[in-house]
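A short write-up of the structure that comes next.
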Amino acid sequence: MMAKGFDTATKLTAEKARALKQAGFEYALRYLPTSNWKGLTKEEAQAIQNAGLKLVSIFQKSANHAEYFTKEQGRADGEQAQKLAEDLGQPKGAAIYFAVDFDCQPSQMGRIDEYFDGVKE
């Protein structure tokens, strides 16, 4: 059986997190705070985990053009994402997903690969 999860830009209250757990969800994907309107807070991260949901985060900036994706930018984003997740209390070893928010063409995939090499570093 597959685990059920969800991602949302909407902030979750303790009540909503408990209701989603009771509805059978096992994990929540929330955005690290790189923007105010959809960014995860420390209180929300705690509410998600207190409800018994696993916390997975998403790192997303305005990365909507190929030129953004360099190894150096990946390194910087990886460091920022790790620090944000640690500051919010995301459990060590929990996944952090990174968004590529544009229609990447096959000729641009090398840039994306370099970016993720930097993220891994």
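Residues in the structure tokens are numbered from 1 in each chain, the chains being A, B, ... in the order shown, and ligands are numbered from 1 in the order shown.
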
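Residues in contact range of Ala47 in chain A, defined as at most 7 Å between only C-alpha atoms, with sequence neighbours fewer than 5 positions away removed, read Thr13, Ala14 and Ala17 of chain A.
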
Would you kindly return, as a PDB file with N, CA, C and O atoms, in the first residue's frame, each protein, DNA or RNA residue with an atom no farther than 12 Å from any atom of Phe6 in chain A, considering only C-alpha atoms and excluding same-chain residues fewer than 5 positions away?
```
ATOM      1  N   LEU A  12      -1.102  25.247   7.622  1.00  0.00           N
ATOM      2  CA  LEU A  12      -1.928  24.301   8.375  1.00  0.00           C
ATOM      3  C   LEU A  12      -1.962  24.669   9.847  1.00  0.00           C
ATOM      4  O   LEU A  12      -0.928  24.911  10.462  1.00  0.00           O
ATOM      5  N   ALA A  17      -4.181  19.910  10.655  1.00  0.00           N
ATOM      6  CA  ALA A  17      -3.194  18.829  10.577  1.00  0.00           C
ATOM      7  C   ALA A  17      -3.756  17.544  11.193  1.00  0.00           C
ATOM      8  O   ALA A  17      -3.615  16.464  10.619  1.00  0.00           O
ATOM      9  N   LEU A  20      -6.360  16.018   8.845  1.00  0.00           N
ATOM     10  CA  LEU A  20      -5.740  15.357   7.692  1.00  0.00           C
ATOM     11  C   LEU A  20      -5.134  14.019   8.090  1.00  0.00           C
ATOM     12  O   LEU A  20      -5.235  13.042   7.351  1.00  0.00           O
ATOM     13  N   LYS A  21      -4.561  13.948   9.268  1.00  0.00           N
ATOM     14  CA  LYS A  21      -4.047  12.672   9.785  1.00  0.00           C
ATOM     15  C   LYS A  21      -5.199  11.686   9.973  1.00  0.00           C
ATOM     16  O   LYS A  21      -5.106  10.519   9.580  1.00  0.00           O
ATOM     17  N   ALA A  23      -7.885  11.628   8.387  1.00  0.00           N
ATOM     18  CA  ALA A  23      -8.409  11.280   7.065  1.00  0.00           C
ATOM     19  C   ALA A  23      -7.517  10.263   6.345  1.00  0.00           C
ATOM     20  O   ALA A  23      -7.832   9.848   5.242  1.00  0.00           O
ATOM     21  N   GLY A  24      -6.421   9.875   6.996  1.00  0.00           N
ATOM     22  CA  GLY A  24      -5.573   8.834   6.433  1.00  0.00           C
ATOM     23  C   GLY A  24      -4.287   9.298   5.789  1.00  0.00           C
ATOM     24  O   GLY A  24      -3.538   8.487   5.241  1.00  0.00           O
ATOM     25  N   PHE A  25      -3.997  10.585   5.849  1.00  0.00           N
ATOM     26  CA  PHE A  25      -2.738  11.070   5.289  1.00  0.00           C
ATOM     27  C   PHE A  25      -1.590  10.765   6.241  1.00  0.00           C
ATOM     28  O   PHE A  25      -1.758  10.777   7.462  1.00  0.00           O
ATOM     29  N   GLU A  26      -0.431  10.483   5.669  1.00  0.00           N
ATOM     30  CA  GLU A  26       0.740  10.126   6.471  1.00  0.00           C
ATOM     31  C   GLU A  26       1.819  11.196   6.462  1.00  0.00           C
ATOM     32  O   GLU A  26       2.642  11.233   7.363  1.00  0.00           O
ATOM     33  N   TYR A  27       1.855  12.022   5.421  1.00  0.00           N
ATOM     34  CA  TYR A  27       2.876  13.062   5.377  1.00  0.00           C
ATOM     35  C   TYR A  27       2.349  14.321   4.710  1.00  0.00           C
ATOM     36  O   TYR A  27       1.405  14.292   3.938  1.00  0.00           O
ATOM     37  N   ALA A  28       2.978  15.438   5.092  1.00  0.00           N
ATOM     38  CA  ALA A  28       2.634  16.749   4.563  1.00  0.00           C
ATOM     39  C   ALA A  28       3.869  17.355   3.916  1.00  0.00           C
ATOM     40  O   ALA A  28       4.950  17.319   4.501  1.00  0.00           O
ATOM     41  N   LEU A  29       3.703  17.895   2.728  1.00  0.00           N
ATOM     42  CA  LEU A  29       4.765  18.637   2.052  1.00  0.00           C
ATOM     43  C   LEU A  29       4.419  20.111   2.143  1.00  0.00           C
ATOM     44  O   LEU A  29       3.345  20.525   1.707  1.00  0.00           O
ATOM     45  N   ARG A  30       5.325  20.880   2.728  1.00  0.00           N
ATOM     46  CA  ARG A  30       5.110  22.324   2.884  1.00  0.00           C
ATOM     47  C   ARG A  30       6.335  23.076   2.407  1.00  0.00           C
ATOM     48  O   ARG A  30       7.444  22.568   2.421  1.00  0.00           O
ATOM     49  N   TYR A  31       6.124  24.319   1.993  1.00  0.00           N
ATOM     50  CA  TYR A  31       7.179  25.144   1.421  1.00  0.00           C
ATOM     51  C   TYR A  31       8.048  25.785   2.502  1.00  0.00           C
ATOM     52  O   TYR A  31       7.525  26.381   3.447  1.00  0.00           O
ATOM     53  N   LEU A  53       1.892  13.516  11.519  1.00  0.00           N
ATOM     54  CA  LEU A  53       2.248  13.543  10.105  1.00  0.00           C
ATOM     55  C   LEU A  53       3.756  13.691   9.952  1.00  0.00           C
ATOM     56  O   LEU A  53       4.397  14.385  10.757  1.00  0.00           O
ATOM     57  N   LYS A  54       4.315  13.046   8.954  1.00  0.00           N
ATOM     58  CA  LYS A  54       5.721  13.240   8.620  1.00  0.00           C
ATOM     59  C   LYS A  54       5.829  14.545   7.844  1.00  0.00           C
ATOM     60  O   LYS A  54       4.957  14.871   7.035  1.00  0.00           O
ATOM     61  N   LEU A  55       6.904  15.287   8.079  1.00  0.00           N
ATOM     62  CA  LEU A  55       7.103  16.575   7.429  1.00  0.00           C
ATOM     63  C   LEU A  55       8.156  16.458   6.337  1.00  0.00           C
ATOM     64  O   LEU A  55       9.268  15.994   6.582  1.00  0.00           O
ATOM     65  N   VAL A  56       7.775  16.852   5.137  1.00  0.00           N
ATOM     66  CA  VAL A  56       8.676  16.938   3.992  1.00  0.00           C
ATOM     67  C   VAL A  56       8.584  18.380   3.516  1.00  0.00           C
ATOM     68  O   VAL A  56       7.510  18.969   3.506  1.00  0.00           O
ATOM     69  N   SER A  57       9.708  18.974   3.124  1.00  0.00           N
ATOM     70  CA  SER A  57       9.648  20.364   2.701  1.00  0.00           C
ATOM     71  C   SER A  57       9.999  20.527   1.225  1.00  0.00           C
ATOM     72  O   SER A  57      10.593  19.643   0.607  1.00  0.00           O
ATOM     73  N   ILE A  58       9.602  21.683   0.710  1.00  0.00           N
ATOM     74  CA  ILE A  58       9.855  22.053  -0.679  1.00  0.00           C
ATOM     75  C   ILE A  58      10.588  23.386  -0.664  1.00  0.00           C
ATOM     76  O   ILE A  58      10.148  24.338  -0.004  1.00  0.00           O
TER      77      ILE A  58
END
```

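Reported to one decimal place, the separation of CA of Ala76 in chain A from CA of Thr41 in chain A is 21.2 Å.
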
*List every residue of range 37-91 of chain A that DSSP, applied to the backbone, labels as helix (DSSP H, G or I), and write the result as JSON, numbers by chain.*
{"A": [42, 43, 44, 45, 46, 47, 48, 49, 50, 66, 67, 68, 71, 72, 73, 74, 75, 76, 77, 78, 79, 80, 81, 82, 83, 84, 85, 86, 87, 88]}

*Residues at most 12 Å from Asn36 in chain A, counting only C-alpha atoms, excluding those fewer than 2 positions away in the same chain, as a VMD selection string?*
chain A and resid 9 to 11 31 to 34 38 to 41 61

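The nearest approach to Asn50 in chain A among the residues A:Lys83, A:Lys16, A:His65, A:Arg75, with only C-alpha atoms taken into account, belongs to A:Lys16.
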